[in-house]
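The file work_30.txt comes next; it holds compact mmCIF, C-alpha atoms.
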# COMPACT_ATOMS: atom_id res chain seq x y z
CA MET A 1 -8.37 -46.81 4.80
CA ILE A 2 -5.30 -46.63 2.59
CA HIS A 3 -4.48 -43.10 1.52
CA LEU A 4 -2.06 -43.43 -1.40
CA ASN A 5 -2.10 -41.75 -4.73
CA ASP A 6 -2.43 -43.75 -7.93
CA ASP A 7 1.06 -42.79 -9.10
CA MET A 8 2.55 -44.53 -6.06
CA LEU A 9 0.56 -47.70 -6.65
CA ASN A 10 1.38 -47.70 -10.34
CA GLY A 11 5.06 -47.15 -9.53
CA ALA A 12 5.08 -50.16 -7.21
CA ARG A 13 3.32 -52.28 -9.83
CA GLU A 14 5.78 -51.23 -12.53
CA HIS A 15 8.70 -52.00 -10.20
CA ALA A 16 7.27 -55.49 -9.57
CA VAL A 17 7.03 -56.24 -13.28
CA ASN A 18 10.49 -54.83 -14.04
CA GLU A 19 12.21 -56.90 -11.33
CA TYR A 20 10.51 -60.17 -12.32
CA PRO A 21 11.49 -63.04 -11.82
CA TYR A 22 12.91 -61.60 -8.60
CA GLU A 23 11.03 -59.97 -5.76
CA CYS A 24 11.02 -56.21 -5.81
CA CYS A 25 10.83 -54.12 -2.66
CA GLY A 26 10.18 -50.50 -1.93
CA ILE A 27 8.81 -47.89 0.42
CA VAL A 28 6.28 -45.07 0.22
CA ILE A 29 6.59 -42.15 2.62
CA GLY A 30 4.12 -39.33 3.10
CA GLN A 31 1.57 -37.74 5.39
CA PRO A 32 -0.66 -40.39 7.01
CA ASP A 33 -4.03 -39.20 5.68
CA ASN A 34 -2.94 -37.19 2.65
CA PRO A 35 -1.68 -38.83 -0.54
CA ASP A 36 -0.79 -35.52 -2.23
CA HIS A 37 2.86 -35.50 -1.15
CA ASP A 38 3.68 -39.20 -1.21
CA LEU A 39 7.15 -40.21 -2.34
CA ILE A 40 7.96 -43.67 -3.64
CA PHE A 41 11.36 -45.27 -3.25
CA PRO A 42 11.94 -48.42 -5.29
CA CYS A 43 14.65 -50.14 -3.26
CA THR A 44 17.41 -52.57 -4.09
CA ASN A 45 16.73 -56.16 -3.09
CA ILE A 46 20.07 -57.48 -1.84
CA GLN A 47 18.77 -60.98 -1.10
CA ASN A 48 20.78 -62.60 -3.92
CA GLN A 49 24.01 -61.10 -2.59
CA LEU A 50 23.21 -62.23 0.96
CA HIS A 51 22.31 -65.72 -0.24
CA GLU A 52 25.52 -65.97 -2.27
CA LYS A 53 27.74 -64.88 0.65
CA ASP A 54 25.97 -66.91 3.37
CA PRO A 55 23.53 -69.54 2.07
CA GLN A 56 23.30 -71.15 5.53
CA THR A 57 21.78 -67.99 7.04
CA TYR A 58 20.04 -66.68 3.91
CA THR A 59 18.59 -69.88 2.51
CA ARG A 60 16.35 -68.14 -0.03
CA ASP A 61 17.38 -66.17 -3.07
CA ALA A 62 15.56 -63.15 -4.52
CA ARG A 63 13.00 -65.30 -6.32
CA THR A 64 11.32 -65.98 -2.96
CA ALA A 65 12.65 -63.33 -0.58
CA TYR A 66 13.69 -59.72 -0.31
CA PHE A 67 16.01 -57.72 1.88
CA ILE A 68 16.02 -53.95 1.46
CA ASP A 69 19.51 -52.51 1.20
CA PRO A 70 20.06 -51.13 4.72
CA ARG A 71 21.82 -48.00 3.41
CA GLU A 72 18.79 -47.18 1.28
CA LEU A 73 16.44 -47.81 4.20
CA MET A 74 18.44 -45.46 6.43
CA GLU A 75 18.46 -42.74 3.75
CA ILE A 76 14.68 -43.04 3.28
CA MET A 77 14.14 -42.85 7.04
CA LYS A 78 16.38 -39.78 7.17
CA GLN A 79 14.42 -38.06 4.39
CA ALA A 80 11.12 -38.91 6.07
CA ALA A 81 12.32 -37.40 9.36
CA GLU A 82 13.67 -34.26 7.65
CA LYS A 83 10.37 -33.71 5.83
CA ASN A 84 8.20 -34.68 8.80
CA LEU A 85 6.74 -37.63 6.88
CA VAL A 86 6.10 -41.23 7.90
CA ILE A 87 6.69 -44.58 6.27
CA LYS A 88 3.21 -45.29 4.97
CA LEU A 89 3.84 -48.46 3.04
CA PHE A 90 6.34 -51.20 2.41
CA TYR A 91 5.74 -53.10 -0.79
CA HIS A 92 7.19 -56.19 -2.38
CA SER A 93 6.28 -58.67 -5.05
CA HIS A 94 5.64 -62.41 -5.10
CA PRO A 95 6.85 -63.71 -8.48
CA GLU A 96 4.86 -66.77 -9.52
CA HIS A 97 3.00 -66.73 -6.19
CA ASP A 98 -0.24 -65.22 -4.96
CA ALA A 99 -0.63 -61.99 -2.99
CA TYR A 100 -0.54 -63.13 0.64
CA PHE A 101 1.48 -62.22 3.72
CA SER A 102 3.79 -65.19 4.04
CA GLU A 103 5.50 -66.51 7.15
CA GLU A 104 8.73 -65.02 5.80
CA ASP A 105 6.98 -61.65 5.35
CA LYS A 106 5.76 -61.81 8.94
CA ARG A 107 9.21 -62.73 10.21
CA MET A 108 10.77 -59.77 8.36
CA ALA A 109 8.12 -57.32 9.62
CA LEU A 110 8.47 -58.23 13.29
CA PHE A 111 11.09 -57.58 15.93
CA ASP A 112 10.72 -59.44 19.20
CA ASN A 113 7.17 -60.43 18.15
CA GLU A 114 6.15 -56.78 17.68
CA PRO A 115 5.84 -54.95 14.36
CA THR A 116 8.96 -52.99 13.53
CA TYR A 117 6.81 -50.32 11.86
CA PRO A 118 3.38 -50.65 13.56
CA ASP A 119 1.71 -47.79 11.67
CA SER A 120 2.91 -48.87 8.22
CA ARG A 121 0.93 -50.95 5.82
CA TYR A 122 2.24 -53.62 3.50
CA LEU A 123 1.41 -54.24 -0.14
CA VAL A 124 2.11 -57.60 -1.75
CA ILE A 125 1.93 -57.71 -5.55
CA SER A 126 1.45 -61.06 -7.26
CA VAL A 127 3.27 -61.31 -10.62
CA TYR A 128 2.96 -64.25 -12.96
CA ASN A 129 4.88 -64.28 -16.23
CA ARG A 130 5.54 -60.50 -16.03
CA GLU A 131 1.87 -59.72 -15.51
CA ILE A 132 0.26 -58.54 -12.30
CA ARG A 133 -2.36 -61.05 -11.25
CA ASP A 134 -3.38 -59.62 -7.89
CA GLU A 135 -2.36 -57.39 -5.00
CA ALA A 136 -3.28 -57.21 -1.35
CA PHE A 137 -2.75 -54.76 1.50
CA PHE A 138 -1.99 -55.85 5.05
CA GLU A 139 -1.74 -54.09 8.40
CA TRP A 140 -0.91 -55.07 11.97
CA ASN A 141 -3.84 -55.94 14.21
CA SER A 142 -2.82 -55.43 17.84
CA GLU A 143 -5.76 -57.49 19.09
CA THR A 144 -5.03 -60.62 17.06
CA LEU A 145 -1.27 -59.97 17.03
CA THR A 146 -0.99 -60.68 13.33
CA PHE A 147 -0.93 -58.95 9.98
CA GLU A 148 -4.38 -59.01 8.46
CA LYS A 149 -5.55 -58.41 4.93
CA LEU A 150 -7.39 -55.15 4.43
CA HIS A 151 -10.66 -55.35 2.57
CA LEU A 152 -10.88 -52.21 0.50

As a first step, turn the structure in this file into C-alpha cells.
Amino acid sequence: MIHLNDDMLNGAREHAVNEYPYECCGIVIGQPDNPDHDLIFPCTNIQNQLHEKDPQTYTRDARTAYFIDPRELMEIMKQAAEKNLVIKLFYHSHPEHDAYFSEEDKRMALFDNEPTYPDSRYLVISVYNREIRDEAFFEWNSETLTFEKLHL
C-alpha cells in the first residue's frame, strides 16, 4: 500500500506539468506508514546540462531522461536522517510517453543489479501536451528481481 497524502501527489503532478516538455524529478520523504508528515522536494533535472557537456556519455536530453542534482539529493538525504524520516518515493514524468518503468528508469534505480533504495517506491507521471494522462507506481520485487507496477 502507498501511504502518501494527496498534497504530495498533487505537488508531483503539478511539477510534471510545469516542467513539460522536459522530465521532472522529485522526492517525497516521510514516515513509512504515515502520510501526515510527508515532505515533497521537487528537484532540479540536470540532464540537459550533462548532455550538453558530455553527449557521448549522456546521450539523452531532459525530454527523455532525468538526473537529480546530486547536491539536492544529498541535502534531502541529510534532512531525512535528521528528522528520522525515509525516502518514500521518487517521482518523475514521461513527457509525451506513457506511465511505465522504462529500461532507463531501471538502470537509474539499480546499483550492481540491486535497488539503490529498496524500500522506496517510484511514481511515473505521463504528460501529453501539458495534461496528465496517467500515472503508475512501481516497487522492487526481490523475488522477480524487477520493478513491478503496483495495482492500487

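We find atom CA of A:Ile40 and atom CA of A:Val86 to be spaced 11.9 Å apart.
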
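Nearest residue to A:Asn84, choosing from A:Leu9, A:Ile29, A:Ala65, A:Leu150 and counting all atoms listed in the file: A:Ile29.
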
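Minimum distance to A:Tyr122 across A:Ser93, A:Asn34, A:Asn5, A:Asn48 (counting only C-alpha atoms) occurs at A:Ser93.
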
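Proximity of A:His51, A:Pro115, A:Lys78, A:Val28 to A:Ser142, computed with all atoms listed in the file, is greatest for A:Pro115.
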
Fill in: Selection: 8 Å around A:Ile27, only C-alpha atoms, excl. self and same-chain fewer than 6 positions, as a ChimeraX atom specification
/A:40-43,87-91

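Taking atom CA of A:Leu50 and atom CA of A:Glu72 as endpoints, the distance between them is 15.7 Å.
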
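Between atom CA of A:His15 and atom CA of A:Tyr128 there is a distance of 13.8 Å.
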
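Of the listed residues (A:Glu75, A:Asp61, A:Glu114, A:Glu96), A:Glu114 comes nearest to A:Asn141; the distances count all atoms listed in the file.
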
Item to complete: Determine the nearest neighbour of A:Arg107 from the options A:Glu131, A:Glu19, A:Phe147, A:Asp7, counting only C-alpha atoms.
Response: A:Phe147

Worksheet item: Mind listing as number ranges by chain all residues within 12 Å of (5.7, -65.9, 5.8), counting all atoms listed in the file?
Response: A: 64-66, 94, 99-110, 124, 146-147

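When all atoms listed in the file are used to measure the gap to A:Arg133, the shortest distance among A:Asp98, A:Gln31, A:Lys149, A:Thr59 belongs to A:Asp98.
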
Item to complete: Identify the residues around (22.4, -60.6, -3.0) within a radius of 12 Å, measuring from only C-alpha atoms in the coordinates stated by the file, and give them as an NGL selection string.
Response: :A and (22-23 or 44-55 or 58-63 or 65-69)

Atoms are missing here; could stretch 103-120 of chain A be completed with N, CA and C atoms and written as a compact mmCIF listing (two decimals), in the coordinates of the input?
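And here's rebuild22.txt as it stands now:
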# COMPACT_ATOMS: atom_id res chain seq x y z
N GLU A 103 4.80 -66.39 5.87
CA GLU A 103 5.50 -66.51 7.15
C GLU A 103 6.82 -65.75 7.10
N GLU A 104 7.49 -65.78 5.97
CA GLU A 104 8.73 -65.02 5.80
C GLU A 104 8.46 -63.52 5.88
N ASP A 105 7.35 -63.06 5.27
CA ASP A 105 6.98 -61.65 5.35
C ASP A 105 6.73 -61.24 6.80
N LYS A 106 6.04 -62.09 7.52
CA LYS A 106 5.76 -61.81 8.94
C LYS A 106 7.06 -61.74 9.74
N ARG A 107 7.94 -62.69 9.50
CA ARG A 107 9.21 -62.73 10.21
C ARG A 107 10.01 -61.45 9.96
N MET A 108 10.01 -60.97 8.71
CA MET A 108 10.77 -59.77 8.36
C MET A 108 10.13 -58.50 8.92
N ALA A 109 8.83 -58.52 9.15
CA ALA A 109 8.12 -57.32 9.62
C ALA A 109 8.06 -57.21 11.14
N LEU A 110 8.54 -58.23 11.83
CA LEU A 110 8.47 -58.23 13.29
C LEU A 110 9.86 -58.15 13.91
N PHE A 111 9.90 -57.56 15.09
CA PHE A 111 11.09 -57.58 15.93
C PHE A 111 10.63 -57.90 17.33
N ASP A 112 11.12 -59.00 17.87
CA ASP A 112 10.72 -59.44 19.20
C ASP A 112 9.19 -59.58 19.30
N ASN A 113 8.61 -60.16 18.25
CA ASN A 113 7.17 -60.43 18.15
C ASN A 113 6.30 -59.17 18.12
N GLU A 114 6.88 -58.04 17.84
CA GLU A 114 6.15 -56.78 17.68
C GLU A 114 6.48 -56.22 16.30
N PRO A 115 5.54 -55.51 15.69
CA PRO A 115 5.84 -54.95 14.36
C PRO A 115 6.93 -53.88 14.45
N THR A 116 7.87 -53.96 13.56
CA THR A 116 8.96 -52.99 13.53
C THR A 116 8.42 -51.60 13.17
N TYR A 117 7.45 -51.57 12.29
CA TYR A 117 6.81 -50.32 11.86
C TYR A 117 5.30 -50.48 12.05
N PRO A 118 4.78 -50.32 13.27
CA PRO A 118 3.38 -50.65 13.56
C PRO A 118 2.34 -49.82 12.81
N ASP A 119 2.69 -48.63 12.37
CA ASP A 119 1.71 -47.79 11.67
C ASP A 119 1.81 -47.90 10.16
N SER A 120 2.74 -48.70 9.67
CA SER A 120 2.91 -48.87 8.22
C SER A 120 2.03 -50.00 7.73
